[in-house]
Amino acid sequence: MSNTPIYLQGRAATRVVLVFGLAYFLSYAMRAINAVIAPALSADLHLTNADLGLLSAAYFMGFGLMQLPIGIWLDRHGPRRTESALLLFGALGAAIFASSDTLLGVWVGRALIGVGVSACLMAAFKAFRVWYPPERQSQLGSYMLVIGTAGALSATVPVALLLPVVGWRTIFFGVAAAMLLAAWVLFSRLRAVEQSMPMHWPVRSPTGNAAATAASIASAGDAPGYGAIFADPYFRRMALLGAVHQGGFMALQSLWAGPWMMTVLGLSVERTSHVLFLFNLALLIAYLGLSWWAPRYVAYGQRAGLPVLRVVAVGLSISVLVQALMVLLPYESSWWLWIIFAVVITVTTLSQTHVSLAFPAALAGRANSAFNLTLFVGAFSVQWGIGLLVDLFVSYGWQSATAMRMAVACYLLLQVFALWRFMRQWSIDAPAIGVNKN
């Protein structure tokens, strides 16, 4: 077999992006929908802030628990079979969520939704890693996040308009049907591409830490390979940053952004849905811009000695500053700070792509899934933790708005610590295989 990789082109290349995009659209919509339906859920099921945080975090728990086995399944069985099978569990979870009357019932349903959509992005990244050239990875990752953010947009104003008409239960029954459709599309429409394209090819010998990682996995079998990935100093450096900043952002976007608008800024449910729409629209536009800018900057940065991770550090520093202003300025007009936050946080995509390219293609599923696990551990912890802190501060007699501001301030301190640790470790190089070292 030739060592020269074969890449997708033309309509087949576009079809792969669109098919994976359909599933990721649903995944992101389900991640973000609780920010809009939270008042209705709390009223119908009599939930506290901690209950609401735990319920929303069930998605991240189900999602996170699946990441390590998903990495092995993606490398062994490919993205088409893995993702289409898991989406069936997502459809079951949506149906359970829609038909439950207890916190336990909706928690189980939401956890199963998380299980069902847990491969939506990682399956796409696996396919991109082996079917598209390295220089397109950042662009393709940004395309997926554009599609996913469109899903988040669909969970704002459209859901707010449907909610009083059909109720949240009917919306989730519709989601169950959509997931069944997505599973069928994935399984049937990618069959020809998978049969015509190799899922693996020989890669040139890695060097440095990557060589040790690859050798460890080759000698220990499939599953122990995760130990080598998690033990890599570069991976740990990136994982802490991803868990706190990117995972925490997912927690805010998918739940606490909505209650913040209503409780801290005093906006109505309708106005909140409009602000969340603008927030996710800004995120979508930023991802589009990143998809154009990233491959050009990577080429320029390699020549000029301006590493991509320096851009990540600058972007996250601005993100921390903007969030500090959000906490310090609890006024109705300060909603626009969330728009700036949405734009600058997109730099986290660059770090995720950086990790993907740092390991051999044959290990891409495991490396991506291991990193994604850290993101969702962070998202679960921040989402539930904010709810616990809000209820704790309220129990001491604080106003709900003040309690929420202080809870987010605690999370902000955690971000400062993670960013400080990241910037102290510039000397830790990626375990590059000649693809991405900047």
# chains A, B, ... in the order shown; residues from 1 in each chain; ligands from 1

$ residues_around --residues "Thr402 of chain A" --least-positions-apart "4" --cutoff "12 Å" --atoms "only C-alpha atoms" --output "list of chain:residue names"
A:Trp260, A:Thr263, A:Val264, A:Leu265, A:Val327, A:Leu328, A:Leu329, A:Pro330, A:Leu389, A:Val390, A:Asp391, A:Leu392, A:Phe393, A:Val394, A:Tyr396, A:Gly397, A:Trp398, A:Met406, A:Ala407, A:Val408, A:Ala409

$ select_by_dssp --residues "segment 303-347 of chain A" --states "alpha helix (DSSP H)" --output "MDAnalysis selection string"
chainID A and resid 303:304 308:328 336:344

$ atom_distance --atom1 "atom CA of Leu163 of chain A" --atom2 "atom CA of Ala98 of chain A"
13.1 Å

$ residues_around --residues "Val322 of chain A" --least-positions-apart "6" --cutoff "8 Å" --atoms "only C-alpha atoms" --output "ChimeraX atom specification"
/A:337,340-341

$ residues_around --residues "segment 267-275 of chain A" --least-positions-apart "6" --cutoff "8 Å" --atoms "only C-alpha atoms" --output "ChimeraX atom specification"
/A:36,156-157,160,258,261,332,335

$ closest_residue --among "A:Met179, A:Val244, A:Leu55, A:Leu321" --to "Gly105 of chain A" --atoms "only C-alpha atoms"
A:Leu55

$ residues_around --residues "Val106 of chain A" --least-positions-apart "5" --cutoff "12 Å" --atoms "only C-alpha atoms" --output "VMD selection string"
chain A and resid 34 41 to 42 44 to 45 47 51 to 52 54 to 59 92 to 101 111 to 113 168 to 169 172

$ residues_around --residues "Ala243 of chain A" --least-positions-apart "3" --cutoff "7 Å" --atoms "only C-alpha atoms" --output "ChimeraX atom specification"
/A:239-240,246-248,374-378

$ write_last_selection --atoms "N, CA and C atoms" --output "PDB file, in the first residue's frame"
ATOM      1  N   ALA A 239      -5.490  19.970  28.169  1.00  0.00           N
ATOM      2  CA  ALA A 239      -6.723  19.468  28.761  1.00  0.00           C
ATOM      3  C   ALA A 239      -7.257  20.382  29.857  1.00  0.00           C
ATOM      4  N   LEU A 240      -6.361  20.882  30.715  1.00  0.00           N
ATOM      5  CA  LEU A 240      -6.814  21.778  31.780  1.00  0.00           C
ATOM      6  C   LEU A 240      -7.435  23.038  31.188  1.00  0.00           C
ATOM      7  N   GLN A 246     -13.181  26.088  27.659  1.00  0.00           N
ATOM      8  CA  GLN A 246     -14.129  25.644  26.641  1.00  0.00           C
ATOM      9  C   GLN A 246     -15.289  24.890  27.267  1.00  0.00           C
ATOM     10  N   GLY A 247     -14.995  23.997  28.229  1.00  0.00           N
ATOM     11  CA  GLY A 247     -16.066  23.280  28.909  1.00  0.00           C
ATOM     12  C   GLY A 247     -16.964  24.217  29.700  1.00  0.00           C
ATOM     13  N   GLY A 248     -16.358  25.186  30.388  1.00  0.00           N
ATOM     14  CA  GLY A 248     -17.160  26.147  31.141  1.00  0.00           C
ATOM     15  C   GLY A 248     -18.032  27.006  30.250  1.00  0.00           C
ATOM     16  N   THR A 374     -12.340  15.664  28.628  1.00  0.00           N
ATOM     17  CA  THR A 374     -11.972  16.716  29.582  1.00  0.00           C
ATOM     18  C   THR A 374     -12.889  17.933  29.437  1.00  0.00           C
ATOM     19  N   LEU A 375     -13.306  18.237  28.198  1.00  0.00           N
ATOM     20  CA  LEU A 375     -14.215  19.368  27.988  1.00  0.00           C
ATOM     21  C   LEU A 375     -15.540  19.136  28.703  1.00  0.00           C
ATOM     22  N   PHE A 376     -16.056  17.936  28.591  1.00  0.00           N
ATOM     23  CA  PHE A 376     -17.379  17.673  29.148  1.00  0.00           C
ATOM     24  C   PHE A 376     -17.343  17.418  30.649  1.00  0.00           C
ATOM     25  N   VAL A 377     -16.218  16.955  31.161  1.00  0.00           N
ATOM     26  CA  VAL A 377     -16.052  16.936  32.616  1.00  0.00           C
ATOM     27  C   VAL A 377     -16.092  18.367  33.147  1.00  0.00           C
ATOM     28  N   GLY A 378     -15.405  19.273  32.440  1.00  0.00           N
ATOM     29  CA  GLY A 378     -15.449  20.678  32.821  1.00  0.00           C
ATOM     30  C   GLY A 378     -16.835  21.267  32.710  1.00  0.00           C
TER      31      GLY A 378
END

$ closest_residue --among "A:Tyr234, A:Phe359, A:Phe279, A:Tyr331" --to "Lys126 of chain A" --atoms "only C-alpha atoms"
A:Phe359

$ atom_distance --atom1 "atom CA of Arg310 of chain A" --atom2 "atom CA of Phe249 of chain A"
19.7 Å

$ closest_residue --among "A:Met66, A:Ala342, A:Leu140, A:Ala358" --to "Ser118 of chain A" --atoms "only C-alpha atoms"
A:Met66

$ residues_around --residues "Thr149 of chain A" --least-positions-apart "4" --cutoff "7 Å" --atoms "only C-alpha atoms" --output "ChimeraX atom specification"
/A:28,145,153,280,283-284

$ decode --residues "segment 113-170 of chain A" --atoms "C-alpha atoms" --output "PDB file, in the first residue's frame"
ATOM      1  CA  ILE A 113     -29.553  12.290  24.871  1.00  0.00           C
ATOM      2  CA  GLY A 114     -25.964  13.056  25.873  1.00  0.00           C
ATOM      3  CA  VAL A 115     -25.001   9.437  25.181  1.00  0.00           C
ATOM      4  CA  GLY A 116     -26.756   9.543  21.810  1.00  0.00           C
ATOM      5  CA  VAL A 117     -25.027  12.652  20.498  1.00  0.00           C
ATOM      6  CA  SER A 118     -21.676  11.953  22.154  1.00  0.00           C
ATOM      7  CA  ALA A 119     -19.961  10.991  18.884  1.00  0.00           C
ATOM      8  CA  CYS A 120     -21.372  13.744  16.678  1.00  0.00           C
ATOM      9  CA  LEU A 121     -18.284  15.959  16.669  1.00  0.00           C
ATOM     10  CA  MET A 122     -15.641  13.318  17.329  1.00  0.00           C
ATOM     11  CA  ALA A 123     -16.919  11.120  14.485  1.00  0.00           C
ATOM     12  CA  ALA A 124     -16.660  14.084  12.149  1.00  0.00           C
ATOM     13  CA  PHE A 125     -13.142  14.897  13.387  1.00  0.00           C
ATOM     14  CA  LYS A 126     -12.104  11.262  12.857  1.00  0.00           C
ATOM     15  CA  ALA A 127     -13.427  11.324   9.278  1.00  0.00           C
ATOM     16  CA  PHE A 128     -11.828  14.711   8.607  1.00  0.00           C
ATOM     17  CA  ARG A 129      -8.488  13.548  10.017  1.00  0.00           C
ATOM     18  CA  VAL A 130      -8.207  10.620   7.592  1.00  0.00           C
ATOM     19  CA  TRP A 131     -10.201  11.815   4.553  1.00  0.00           C
ATOM     20  CA  TYR A 132      -8.997  15.440   4.257  1.00  0.00           C
ATOM     21  CA  PRO A 133      -5.510  17.022   4.123  1.00  0.00           C
ATOM     22  CA  PRO A 134      -3.933  18.401   7.351  1.00  0.00           C
ATOM     23  CA  GLU A 135      -4.093  22.021   6.209  1.00  0.00           C
ATOM     24  CA  ARG A 136      -7.912  21.843   6.060  1.00  0.00           C
ATOM     25  CA  GLN A 137      -8.429  20.531   9.603  1.00  0.00           C
ATOM     26  CA  SER A 138      -8.942  23.907  11.323  1.00  0.00           C
ATOM     27  CA  GLN A 139     -11.261  25.043   8.546  1.00  0.00           C
ATOM     28  CA  LEU A 140     -13.368  21.869   8.678  1.00  0.00           C
ATOM     29  CA  GLY A 141     -13.545  22.035  12.469  1.00  0.00           C
ATOM     30  CA  SER A 142     -14.796  25.616  12.199  1.00  0.00           C
ATOM     31  CA  TYR A 143     -17.396  24.552   9.608  1.00  0.00           C
ATOM     32  CA  MET A 144     -18.749  21.983  12.044  1.00  0.00           C
ATOM     33  CA  LEU A 145     -18.953  24.557  14.799  1.00  0.00           C
ATOM     34  CA  VAL A 146     -20.795  26.913  12.444  1.00  0.00           C
ATOM     35  CA  ILE A 147     -23.359  24.172  11.801  1.00  0.00           C
ATOM     36  CA  GLY A 148     -23.539  23.361  15.498  1.00  0.00           C
ATOM     37  CA  THR A 149     -24.061  26.994  16.412  1.00  0.00           C
ATOM     38  CA  ALA A 150     -26.884  27.117  13.881  1.00  0.00           C
ATOM     39  CA  GLY A 151     -28.400  24.335  15.977  1.00  0.00           C
ATOM     40  CA  ALA A 152     -27.987  26.507  19.062  1.00  0.00           C
ATOM     41  CA  LEU A 153     -29.737  29.331  17.189  1.00  0.00           C
ATOM     42  CA  SER A 154     -32.666  27.018  16.488  1.00  0.00           C
ATOM     43  CA  ALA A 155     -32.954  26.480  20.258  1.00  0.00           C
ATOM     44  CA  THR A 156     -33.459  30.196  21.016  1.00  0.00           C
ATOM     45  CA  VAL A 157     -36.201  32.270  19.336  1.00  0.00           C
ATOM     46  CA  PRO A 158     -37.796  29.347  17.433  1.00  0.00           C
ATOM     47  CA  VAL A 159     -38.105  27.303  20.637  1.00  0.00           C
ATOM     48  CA  ALA A 160     -39.364  30.356  22.582  1.00  0.00           C
ATOM     49  CA  LEU A 161     -42.089  30.812  19.944  1.00  0.00           C
ATOM     50  CA  LEU A 162     -43.059  27.134  19.927  1.00  0.00           C
ATOM     51  CA  LEU A 163     -42.985  26.692  23.697  1.00  0.00           C
ATOM     52  CA  PRO A 164     -46.312  28.377  24.563  1.00  0.00           C
ATOM     53  CA  VAL A 165     -47.997  26.771  21.551  1.00  0.00           C
ATOM     54  CA  VAL A 166     -46.990  23.101  21.758  1.00  0.00           C
ATOM     55  CA  GLY A 167     -45.073  22.836  25.060  1.00  0.00           C
ATOM     56  CA  TRP A 168     -41.629  21.410  25.768  1.00  0.00           C
ATOM     57  CA  ARG A 169     -42.837  17.796  25.692  1.00  0.00           C
ATOM     58  CA  THR A 170     -43.971  17.982  22.064  1.00  0.00           C
TER      59      THR A 170
END
